[in-house]
Structure formats: C-alpha cells, structure tokens
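Data file: data15.cif. Format and content: mmCIF, C-alpha atoms.
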```cif
data_model
#
loop_
_atom_site.label_atom_id
_atom_site.label_comp_id
_atom_site.auth_asym_id
_atom_site.auth_seq_id
_atom_site.Cartn_x
_atom_site.Cartn_y
_atom_site.Cartn_z
CA MET D 768 -53.09 -261.44 116.34
CA ASN D 769 -49.46 -262.32 117.12
CA ARG D 770 -49.18 -263.11 120.82
CA CYS D 771 -46.24 -262.95 123.23
CA ALA D 772 -46.09 -262.97 127.03
CA VAL D 773 -43.86 -263.10 130.06
CA LEU D 774 -44.32 -266.16 132.28
CA GLY D 775 -43.37 -266.53 135.91
CA LYS D 776 -44.63 -266.75 139.47
CA PRO D 777 -45.23 -264.21 140.90
CA ILE D 778 -45.69 -262.09 137.79
CA ALA D 779 -47.93 -259.14 138.75
CA HIS D 780 -44.90 -256.85 139.27
CA SER D 781 -43.45 -257.43 135.80
CA LEU D 782 -42.83 -254.39 133.61
CA SER D 783 -42.11 -256.46 130.51
CA PRO D 784 -45.54 -255.79 128.94
CA VAL D 785 -44.88 -252.04 129.21
CA LEU D 786 -41.59 -252.38 127.34
CA HIS D 787 -42.63 -254.85 124.66
CA ASN D 788 -45.95 -253.21 123.82
CA ALA D 789 -44.20 -249.82 123.54
CA ALA D 790 -41.75 -251.39 121.11
CA TYR D 791 -44.55 -252.91 119.02
CA GLN D 792 -46.26 -249.53 118.76
CA ALA D 793 -43.02 -247.81 117.73
CA LEU D 794 -42.37 -250.48 115.10
CA GLY D 795 -45.90 -250.20 113.71
CA LEU D 796 -46.74 -253.78 114.70
CA GLN D 797 -50.41 -253.15 115.35
CA ASP D 798 -51.28 -256.86 115.26
CA TRP D 799 -48.85 -257.81 118.04
CA CYS D 800 -49.65 -257.93 121.76
CA TYR D 801 -47.68 -258.89 124.87
CA ASP D 802 -49.22 -260.03 128.16
CA LYS D 803 -48.11 -261.46 131.50
CA VAL D 804 -49.28 -264.88 132.68
CA GLU D 805 -48.67 -266.39 136.09
CA VAL D 806 -47.12 -269.80 135.46
CA GLY D 807 -45.20 -271.81 138.05
CA GLU D 808 -42.77 -274.66 137.51
CA ASP D 809 -45.50 -277.30 137.81
CA ASP D 810 -47.75 -275.42 135.35
CA LEU D 811 -45.25 -274.80 132.56
CA GLU D 812 -45.61 -278.02 130.58
CA ASN D 813 -49.40 -277.73 130.50
CA PHE D 814 -49.16 -274.10 129.35
CA LEU D 815 -46.74 -274.97 126.55
CA ASN D 816 -48.96 -277.82 125.40
CA GLN D 817 -51.80 -275.34 124.87
CA ILE D 818 -49.75 -273.02 122.64
CA THR D 819 -51.60 -272.20 119.40
CA PRO D 820 -50.27 -270.91 116.03
CA CYS D 821 -50.84 -267.27 117.01
CA TRP D 822 -48.05 -267.40 119.64
CA ARG D 823 -44.67 -265.94 118.66
CA GLY D 824 -42.56 -265.67 121.81
CA LEU D 825 -42.23 -266.01 125.56
CA SER D 826 -40.15 -264.27 128.18
CA LEU D 827 -39.23 -266.45 131.16
CA THR D 828 -38.65 -265.05 134.61
CA MET D 829 -38.25 -266.78 137.97
CA PRO D 830 -38.65 -269.65 138.55
CA LEU D 831 -38.78 -270.80 134.91
CA LYS D 832 -35.37 -269.94 133.43
CA LYS D 833 -34.12 -273.50 133.93
CA THR D 834 -37.52 -275.23 133.90
CA ILE D 835 -37.97 -274.28 130.22
CA LEU D 836 -34.79 -276.07 129.09
CA PRO D 837 -36.22 -279.58 128.40
CA PHE D 838 -38.86 -278.09 126.11
CA GLY D 839 -36.65 -276.26 123.63
CA THR D 840 -33.31 -275.95 121.86
CA LEU D 841 -30.60 -273.64 123.19
CA GLN D 842 -29.66 -271.20 120.44
CA ASN D 843 -27.17 -268.60 121.66
CA ILE D 844 -23.85 -269.01 123.44
CA TRP D 845 -24.97 -267.69 126.83
CA ALA D 846 -27.99 -269.99 127.01
CA GLN D 847 -25.73 -272.92 126.13
CA GLU D 848 -22.95 -272.06 128.57
CA LEU D 849 -25.12 -271.08 131.52
CA GLN D 850 -27.98 -273.53 130.88
CA VAL D 851 -30.36 -270.67 131.60
CA ALA D 852 -32.89 -269.19 129.15
CA ASN D 853 -35.09 -266.15 129.57
CA THR D 854 -36.45 -266.05 126.01
CA ALA D 855 -38.31 -268.50 123.78
CA LYS D 856 -39.04 -267.87 120.12
CA ILE D 857 -41.96 -270.04 119.05
CA ARG D 858 -42.01 -271.75 115.67
CA TRP D 859 -45.13 -273.54 114.44
CA ASP D 860 -45.00 -276.56 112.12
CA ASN D 861 -48.33 -276.69 110.26
CA SER D 862 -47.70 -280.14 108.81
CA GLU D 863 -47.06 -281.65 112.23
CA ARG D 864 -49.39 -279.24 114.02
CA THR D 865 -46.87 -278.73 116.79
CA SER D 866 -44.76 -275.91 118.20
CA TYR D 867 -41.00 -275.67 118.66
CA PHE D 868 -39.17 -273.41 121.10
CA ASP D 869 -35.82 -271.77 120.28
CA LEU D 870 -34.26 -270.71 123.58
CA TYR D 871 -31.99 -267.71 124.21
CA ASN D 872 -30.39 -265.89 127.11
CA THR D 873 -30.56 -262.10 126.72
CA ASP D 874 -29.82 -261.30 130.39
CA VAL D 875 -26.05 -261.39 129.88
CA ASP D 876 -26.08 -259.00 126.94
CA GLY D 877 -28.55 -256.87 128.90
CA ILE D 878 -25.92 -256.35 131.61
CA ILE D 879 -23.11 -255.74 129.11
CA HIS D 880 -25.07 -253.18 127.10
CA ALA D 881 -26.25 -251.42 130.28
CA PHE D 882 -22.66 -250.77 131.33
CA GLU D 883 -21.52 -249.84 127.83
CA HIS D 884 -24.37 -247.33 127.45
CA ALA D 885 -23.76 -245.78 130.87
CA TRP D 886 -20.01 -245.50 130.26
CA SER D 887 -20.48 -243.89 126.85
CA THR D 888 -22.96 -241.41 128.33
CA LYS D 889 -20.43 -240.39 130.99
CA GLY D 890 -17.51 -240.39 128.57
CA PHE D 891 -15.82 -243.20 130.49
CA THR D 892 -13.51 -245.80 128.99
CA SER D 893 -13.47 -249.24 130.61
CA ASN D 894 -10.32 -251.01 131.64
CA ALA D 895 -11.75 -252.91 134.58
CA SER D 896 -9.49 -255.38 136.37
CA HIS D 897 -11.43 -255.89 139.62
CA ALA D 898 -15.15 -256.58 139.95
CA MET D 899 -17.53 -257.56 142.72
CA ILE D 900 -20.79 -259.52 142.54
CA LEU D 901 -23.18 -259.36 145.49
CA GLY D 902 -24.94 -262.72 145.78
CA ASN D 903 -24.27 -266.15 144.30
CA GLY D 904 -27.71 -267.21 143.09
CA ASN D 905 -28.87 -267.77 139.51
CA THR D 906 -28.54 -264.11 138.48
CA ALA D 907 -24.90 -264.16 139.63
CA PHE D 908 -24.13 -266.52 136.74
CA SER D 909 -25.41 -263.96 134.22
CA ALA D 910 -23.42 -261.25 136.00
CA LEU D 911 -20.25 -263.35 135.91
CA ALA D 912 -20.79 -264.14 132.23
CA ALA D 913 -21.12 -260.41 131.52
CA LEU D 914 -17.89 -259.75 133.40
CA THR D 915 -16.03 -262.07 131.03
CA LYS D 916 -16.60 -259.29 128.46
CA LEU D 917 -16.27 -256.29 130.81
CA VAL D 918 -13.19 -257.28 132.82
CA VAL D 919 -9.71 -257.75 131.35
CA LYS D 920 -8.14 -261.20 131.14
CA ASP D 921 -6.79 -262.46 134.49
CA GLY D 922 -8.92 -259.88 136.27
CA LEU D 923 -10.26 -260.65 139.74
CA VAL D 924 -13.95 -261.19 140.50
CA THR D 925 -14.93 -261.09 144.17
CA ILE D 926 -18.22 -262.83 144.89
CA VAL D 927 -19.94 -261.87 148.13
CA SER D 928 -22.25 -264.49 149.58
CA ARG D 929 -23.69 -265.82 152.79
CA HIS D 930 -23.93 -269.43 151.61
CA SER D 931 -21.60 -271.64 149.58
CA HIS D 932 -24.15 -273.10 147.14
CA ASN D 933 -23.18 -272.48 143.50
CA ASN D 934 -19.67 -271.33 144.48
CA GLN D 935 -17.89 -274.25 142.82
CA GLN D 936 -19.82 -273.75 139.58
CA LEU D 937 -19.11 -270.03 139.61
CA GLN D 938 -15.41 -270.73 140.25
CA SER D 939 -15.26 -273.18 137.35
CA PHE D 940 -16.99 -270.74 134.99
CA ALA D 941 -14.62 -267.92 135.93
CA THR D 942 -11.56 -270.12 135.45
CA ALA D 943 -12.80 -271.31 132.05
CA HIS D 944 -13.03 -267.67 130.96
CA ASP D 945 -9.58 -266.60 132.22
CA LEU D 946 -10.82 -264.78 135.31
CA ARG D 947 -9.66 -265.23 138.88
CA CYS D 948 -12.41 -265.68 141.46
CA GLU D 949 -12.61 -265.33 145.23
CA PHE D 950 -15.45 -265.65 147.72
CA VAL D 951 -15.90 -263.43 150.78
CA ASP D 952 -18.61 -262.59 153.31
CA TYR D 953 -20.40 -259.26 153.47
CA GLU D 954 -18.37 -258.05 156.45
CA SER D 955 -15.09 -258.50 154.56
CA ALA D 956 -16.54 -256.98 151.39
CA VAL D 957 -17.03 -253.54 152.94
CA SER D 958 -13.29 -252.87 153.02
CA LEU D 959 -12.82 -254.22 149.47
CA VAL D 960 -15.30 -251.99 147.63
CA GLN D 961 -12.81 -249.15 147.15
CA HIS D 962 -10.58 -251.50 145.14
CA MET D 963 -13.32 -252.42 142.66
CA ASP D 964 -13.93 -251.09 139.14
CA ILE D 965 -17.37 -252.73 138.75
CA VAL D 966 -19.97 -253.82 141.31
CA ILE D 967 -23.07 -255.81 140.33
CA SER D 968 -25.70 -256.57 142.94
CA THR D 969 -27.76 -259.62 142.02
CA VAL D 970 -29.69 -259.96 145.28
CA PRO D 971 -33.39 -259.15 145.82
CA ALA D 972 -34.71 -255.82 147.05
CA HIS D 973 -33.38 -254.87 150.53
CA ALA D 974 -31.06 -257.89 150.74
CA ALA D 975 -28.03 -255.60 150.38
CA ASP D 976 -29.36 -252.85 152.66
CA ASN D 977 -27.18 -253.69 155.69
CA PHE D 978 -24.06 -253.93 153.52
CA ALA D 979 -24.87 -250.61 151.84
CA GLN D 980 -25.61 -248.90 155.15
CA GLU D 981 -22.23 -250.00 156.46
CA LEU D 982 -20.58 -248.37 153.42
CA ILE D 983 -22.44 -245.16 154.25
CA ASN D 984 -21.58 -245.36 157.96
CA GLN D 985 -17.89 -245.86 157.20
CA HIS D 986 -17.92 -243.02 154.63
CA VAL D 987 -16.68 -245.33 151.88
CA GLN D 988 -16.51 -243.48 148.56
CA PRO D 989 -16.59 -246.12 145.81
CA HIS D 990 -15.25 -245.39 142.34
CA ALA D 991 -16.72 -248.57 140.86
CA SER D 992 -19.49 -248.53 138.28
CA LEU D 993 -22.60 -249.99 139.96
CA LEU D 994 -25.50 -252.01 138.58
CA ASP D 995 -28.18 -252.94 141.10
CA VAL D 996 -30.51 -255.38 139.31
CA VAL D 997 -33.40 -254.29 141.54
CA TYR D 998 -35.77 -251.84 139.81
CA SER D 999 -38.39 -251.60 142.52
CA PRO D 1000 -37.60 -249.57 144.51
CA ARG D 1001 -35.48 -247.59 142.04
CA GLU D 1002 -33.49 -245.80 144.76
CA THR D 1003 -32.11 -248.60 146.92
CA VAL D 1004 -29.84 -248.06 149.92
CA LEU D 1005 -27.05 -249.49 147.79
CA LYS D 1006 -27.55 -246.76 145.18
CA GLN D 1007 -27.58 -244.18 147.99
CA ALA D 1008 -24.10 -245.38 148.99
CA TRP D 1009 -22.98 -244.35 145.49
CA GLU D 1010 -24.89 -241.04 145.57
CA ASN D 1011 -21.88 -238.72 145.76
CA SER D 1012 -19.33 -240.96 144.08
CA GLY D 1013 -19.41 -239.21 140.70
CA THR D 1014 -19.32 -242.54 138.88
CA VAL D 1015 -21.90 -244.71 137.12
CA SER D 1016 -24.81 -245.94 139.23
CA MET D 1017 -27.65 -247.86 137.57
CA SER D 1018 -30.84 -249.52 138.75
CA GLY D 1019 -32.17 -252.72 137.25
CA GLU D 1020 -34.29 -250.90 134.70
CA GLU D 1021 -31.18 -250.46 132.52
CA MET D 1022 -30.57 -254.21 132.35
CA LEU D 1023 -34.31 -254.72 131.92
CA ILE D 1024 -34.42 -252.45 128.87
CA TYR D 1025 -31.45 -253.96 127.07
CA GLN D 1026 -32.45 -257.58 127.60
CA ALA D 1027 -35.96 -256.68 126.40
CA ILE D 1028 -34.61 -255.02 123.24
CA GLU D 1029 -32.89 -258.28 122.31
CA GLN D 1030 -36.09 -260.21 123.05
CA VAL D 1031 -38.18 -258.00 120.75
CA ILE D 1032 -35.68 -258.42 117.91
CA ILE D 1033 -35.65 -262.21 118.38
CA MET D 1034 -39.42 -262.60 118.64
CA THR D 1035 -40.48 -260.19 115.89
CA GLU D 1036 -37.46 -260.65 113.59
CA CYS D 1037 -37.58 -256.87 113.05
CA GLY D 1038 -33.81 -256.57 112.57
CA VAL D 1039 -31.04 -255.03 114.68
CA GLU D 1040 -31.25 -251.79 112.70
CA HIS D 1041 -34.37 -250.98 114.74
CA LYS D 1042 -32.58 -251.06 118.11
CA GLU D 1043 -32.54 -247.28 118.55
CA ILE D 1044 -36.26 -246.95 117.80
CA ILE D 1045 -37.05 -249.74 120.25
CA GLU D 1046 -34.84 -248.30 122.98
CA GLN D 1047 -36.31 -244.82 122.73
CA ALA D 1048 -39.87 -246.18 122.91
CA MET D 1049 -39.06 -248.40 125.89
CA ARG D 1050 -37.33 -245.62 127.83
CA LYS D 1051 -40.26 -243.25 127.31
CA ALA D 1052 -42.80 -245.88 128.39
CA LEU D 1053 -40.77 -246.96 131.41
CA LYS D 1054 -40.27 -243.37 132.56
CA GLU D 1055 -44.04 -242.78 132.44
CA VAL D 1056 -44.70 -245.91 134.53
CA LEU D 1057 -41.93 -245.42 137.10
#
```
Could you take the file, read its structure, and then write that structure out as structure tokens?
Amino acid sequence: MNRCAVLGKPIAHSLSPVLHNAAYQALGLQDWCYDKVEVGEDDLENFLNQITPCWRGLSLTMPLKKTILPFGTLQNIWAQELQVANTAKIRWDNSERTSYFDLYNTDVDGIIHAFEHAWSTKGFTSNASHAMILGNGNTAFSALAALTKLVVKDGLVTIVSRHSHNNQQLQSFATAHDLRCEFVDYESAVSLVQHMDIVISTVPAHAADNFAQELINQHVQPHASLLDVVYSPRETVLKQAWENSGTVSMSGEEMLIYQAIEQVIIMTECGVEHKEIIEQAMRKALKEVL
C-alpha cells in the first residue's frame, strides 16, 4: 500500500482525505490511501523518523508549514521564496535505508488557478491593478505571491491588518516583485473596497465578520473578485457582502481543490495530463461532503 497523509494540529476538520482519495479512485490507484494524522510542531521530527518505505507524500497544514523546512529540500520557486512548504514528496533510499523529503508550496498556485478558473467561467478577462489582502499572517504571504501573477506590474496591494508583525517582510516581497504595497486598518479599508479589482481574505472564520458587516451596512457594492480562504462555513458574512455584486465570489474550497490537484500530481507522479480527471473527481466528492 502506498501511503500519504495530511499532518497538522488540529486536523479533524481537514477535507484533504476526501479530495486525495477521490483522485486516487478516479486515477485507478487502488493501492493508494490518504489519511489525516494529528501532529504538532514538537511531534513532527519523531513522526518523520518513523516513516517507512510505503510512504509517498505528506500534506502540511498549520502549524507545520515552516516546521518541516529543516527536514527537506525546497524544490519549487514558491517554497524557496516564501520559505513555506505545504507538500512533501517522500523518496526512499534502500541502500541507506533512509527517507528524503522534497518540499513544495502548492498554496500559491492554488490561489492563482482558483481565480483563473472563476474568471474563465464568468467570461472575465483580468487586468487587475489594485488588490486587497485581509490579514498579514502566514497565508498572506501566499496571497501576495499569487498577486505577483494576478496583478499588473506597479499595481497596488493594500494589506489590511490589526498588528504590524510581518509587514516589513510583506513590503520587501512586494517591492522585489514590482508591486507597490500599503498597510491600513480595517476601518480605513471599508472605503477602499470599491477601488479594488481583487480581494483575498486570509483570516480565520469570523475574523472578517465585522468588516464585512460594515460593508453591508454602508451598502458598498464591490466589483472586486473575492476569494475567502475559509471553507467552513462556506457562506461567510464576507461572501454575503458580495452577494449581489455580480462578480466572482469564491470560498476557500476553490483554493483547496487546486492546491490539492498539484499535490496529487507531485506525490503520485501521474502527470499533468490528468488534471481534468482529478479536478472533476475532487469537485464531486467535495460537493457530496459539503
């Protein structure tokens, strides 16, 4: 049996097994299975040391996306630039009887592909020059990295935060990728939403509720394409603020699907030509669960 799993703490809420196992079934990989294992930062090294030759890949969720870095080799550009990995492909050396971990970041491409898919479905063409990120935590780095591909050169990214931690790093990353960056509080952000082409909320469930309710109270009609990374609940107050906007409004399940597709391709080496099969299987499985 070829084993894969998602690691994190807490992990009970994870929908990754639903997505990955649906993909395995669609690909005819009957001898592959994907589980979820609760592993905290202090437990990770011990877990990795117990890896056996049947293991093929790991998904890393909070709080392990940086904790995994000393144990593997960063393979793709986003993992290298952000120093954050959510995927580990496991290689086993029989002669040395040891495992090696190739680390990737699929979160960034998950955001990019989510927007591209939604825009193509609506018949939109993107020429975004202004974008807003709600929150400045670890997920904000993936959002900002995605915006380097979704926003035109010299575009403006407004980052909305309550605290200044990570702001300097976010500013430096934006500058290095030819984007302008500004930081505002949530009160100021309400009046700026109408000027945005893209809005990405990276904060946990309900953290943006007051901001969203203020948009509703002030009858703000955004034209920006929205991605709320939260997928439980699916219909957040923030999405309600976009309800009658006529533009793109996505929950976190879209990002979840596209980052998982990349993970399956990396772990199974099934080839990018199978993307459509994987996506269809994941969407069907996710719809049944949600």
Long-range neighbours of Ile900 in chain D as number ranges by chain, 8 Å cut-off, all atoms listed in the file, 3 positions minimum in chain
D: 903, 907, 910-911, 924-927, 966-969
For this structure, which residues satisfy the selection - the PyMOL selection byres ((chain D and resi 1005) around 7) - when it is evaluated on the file as given? I want them as JSON, numbers by chain.
{"D": [975, 976, 979, 1003, 1004, 1006, 1007, 1008, 1009]}
Hits of the PyMOL selection byres ((chain D and resi 891) around 12) in this structure, as a PyMOL selection string
chain D and resi 882-890+892-895+964+991-992+1013-1015
On this file, the PyMOL selection byres ((chain D and resi 829) around 12) gives some set of residues; write that set as a PyMOL selection string.
chain D and resi 773-778+781+805-808+811+826-828+830-835+851-853+904-906+971
Neighbourhood query: residues within 12 Å of (-10.3, -268.1, 132.4), file coordinates, counting all atoms listed in the file; return as a PyMOL selection string.
chain D and resi 911-912+914-916+918-924+937-948
N, CA, C and O atoms modelled onto range 1039-1055 of chain D, as a PDB file, keeping the file's coordinate frame:
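Written file, part.pdb:
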```pdb
ATOM      1  N   VAL D1039     -31.799-255.808 113.693  1.00  0.00           N
ATOM      2  CA  VAL D1039     -31.040-255.030 114.680  1.00  0.00           C
ATOM      3  C   VAL D1039     -30.991-253.546 114.333  1.00  0.00           C
ATOM      4  O   VAL D1039     -30.695-252.718 115.199  1.00  0.00           O
ATOM      5  N   GLU D1040     -31.279-253.196 113.087  1.00  0.00           N
ATOM      6  CA  GLU D1040     -31.250-251.790 112.700  1.00  0.00           C
ATOM      7  C   GLU D1040     -32.347-250.981 113.409  1.00  0.00           C
ATOM      8  O   GLU D1040     -32.333-249.748 113.379  1.00  0.00           O
ATOM      9  N   HIS D1041     -33.284-251.667 114.053  1.00  0.00           N
ATOM     10  CA  HIS D1041     -34.370-250.980 114.740  1.00  0.00           C
ATOM     11  C   HIS D1041     -34.099-250.794 116.234  1.00  0.00           C
ATOM     12  O   HIS D1041     -34.979-250.346 116.976  1.00  0.00           O
ATOM     13  N   LYS D1042     -32.887-251.135 116.685  1.00  0.00           N
ATOM     14  CA  LYS D1042     -32.580-251.060 118.110  1.00  0.00           C
ATOM     15  C   LYS D1042     -32.843-249.677 118.705  1.00  0.00           C
ATOM     16  O   LYS D1042     -33.411-249.546 119.790  1.00  0.00           O
ATOM     17  N   GLU D1043     -32.407-248.639 118.008  1.00  0.00           N
ATOM     18  CA  GLU D1043     -32.540-247.280 118.550  1.00  0.00           C
ATOM     19  C   GLU D1043     -34.004-246.895 118.706  1.00  0.00           C
ATOM     20  O   GLU D1043     -34.399-246.299 119.715  1.00  0.00           O
ATOM     21  N   ILE D1044     -34.824-247.245 117.727  1.00  0.00           N
ATOM     22  CA  ILE D1044     -36.260-246.950 117.800  1.00  0.00           C
ATOM     23  C   ILE D1044     -36.876-247.666 118.985  1.00  0.00           C
ATOM     24  O   ILE D1044     -37.664-247.091 119.748  1.00  0.00           O
ATOM     25  N   ILE D1045     -36.510-248.941 119.151  1.00  0.00           N
ATOM     26  CA  ILE D1045     -37.050-249.740 120.250  1.00  0.00           C
ATOM     27  C   ILE D1045     -36.624-249.162 121.597  1.00  0.00           C
ATOM     28  O   ILE D1045     -37.438-249.012 122.513  1.00  0.00           O
ATOM     29  N   GLU D1046     -35.343-248.828 121.712  1.00  0.00           N
ATOM     30  CA  GLU D1046     -34.840-248.300 122.980  1.00  0.00           C
ATOM     31  C   GLU D1046     -35.526-247.006 123.369  1.00  0.00           C
ATOM     32  O   GLU D1046     -35.937-246.818 124.533  1.00  0.00           O
ATOM     33  N   GLN D1047     -35.676-246.090 122.427  1.00  0.00           N
ATOM     34  CA  GLN D1047     -36.310-244.820 122.730  1.00  0.00           C
ATOM     35  C   GLN D1047     -37.757-245.016 123.204  1.00  0.00           C
ATOM     36  O   GLN D1047     -38.202-244.370 124.167  1.00  0.00           O
ATOM     37  N   ALA D1048     -38.474-245.918 122.542  1.00  0.00           N
ATOM     38  CA  ALA D1048     -39.870-246.180 122.910  1.00  0.00           C
ATOM     39  C   ALA D1048     -39.952-246.806 124.302  1.00  0.00           C
ATOM     40  O   ALA D1048     -40.816-246.439 125.114  1.00  0.00           O
ATOM     41  N   MET D1049     -39.049-247.740 124.585  1.00  0.00           N
ATOM     42  CA  MET D1049     -39.060-248.400 125.890  1.00  0.00           C
ATOM     43  C   MET D1049     -38.713-247.423 127.011  1.00  0.00           C
ATOM     44  O   MET D1049     -39.341-247.440 128.074  1.00  0.00           O
ATOM     45  N   ARG D1050     -37.709-246.589 126.789  1.00  0.00           N
ATOM     46  CA  ARG D1050     -37.330-245.620 127.830  1.00  0.00           C
ATOM     47  C   ARG D1050     -38.467-244.654 128.141  1.00  0.00           C
ATOM     48  O   ARG D1050     -38.728-244.337 129.307  1.00  0.00           O
ATOM     49  N   LYS D1051     -39.139-244.181 127.107  1.00  0.00           N
ATOM     50  CA  LYS D1051     -40.260-243.250 127.310  1.00  0.00           C
ATOM     51  C   LYS D1051     -41.377-243.927 128.093  1.00  0.00           C
ATOM     52  O   LYS D1051     -41.928-243.360 129.051  1.00  0.00           O
ATOM     53  N   ALA D1052     -41.720-245.167 127.718  1.00  0.00           N
ATOM     54  CA  ALA D1052     -42.800-245.880 128.390  1.00  0.00           C
ATOM     55  C   ALA D1052     -42.452-246.202 129.836  1.00  0.00           C
ATOM     56  O   ALA D1052     -43.293-246.076 130.744  1.00  0.00           O
ATOM     57  N   LEU D1053     -41.210-246.605 130.066  1.00  0.00           N
ATOM     58  CA  LEU D1053     -40.770-246.960 131.410  1.00  0.00           C
ATOM     59  C   LEU D1053     -40.754-245.738 132.332  1.00  0.00           C
ATOM     60  O   LEU D1053     -41.142-245.799 133.504  1.00  0.00           O
ATOM     61  N   LYS D1054     -40.315-244.610 131.778  1.00  0.00           N
ATOM     62  CA  LYS D1054     -40.270-243.370 132.560  1.00  0.00           C
ATOM     63  C   LYS D1054     -41.681-242.971 132.992  1.00  0.00           C
ATOM     64  O   LYS D1054     -41.890-242.534 134.135  1.00  0.00           O
ATOM     65  N   GLU D1055     -42.652-243.138 132.108  1.00  0.00           N
ATOM     66  CA  GLU D1055     -44.040-242.780 132.440  1.00  0.00           C
ATOM     67  C   GLU D1055     -44.590-243.672 133.541  1.00  0.00           C
ATOM     68  O   GLU D1055     -45.337-243.224 134.417  1.00  0.00           O
TER      69      GLU D1055
END
```
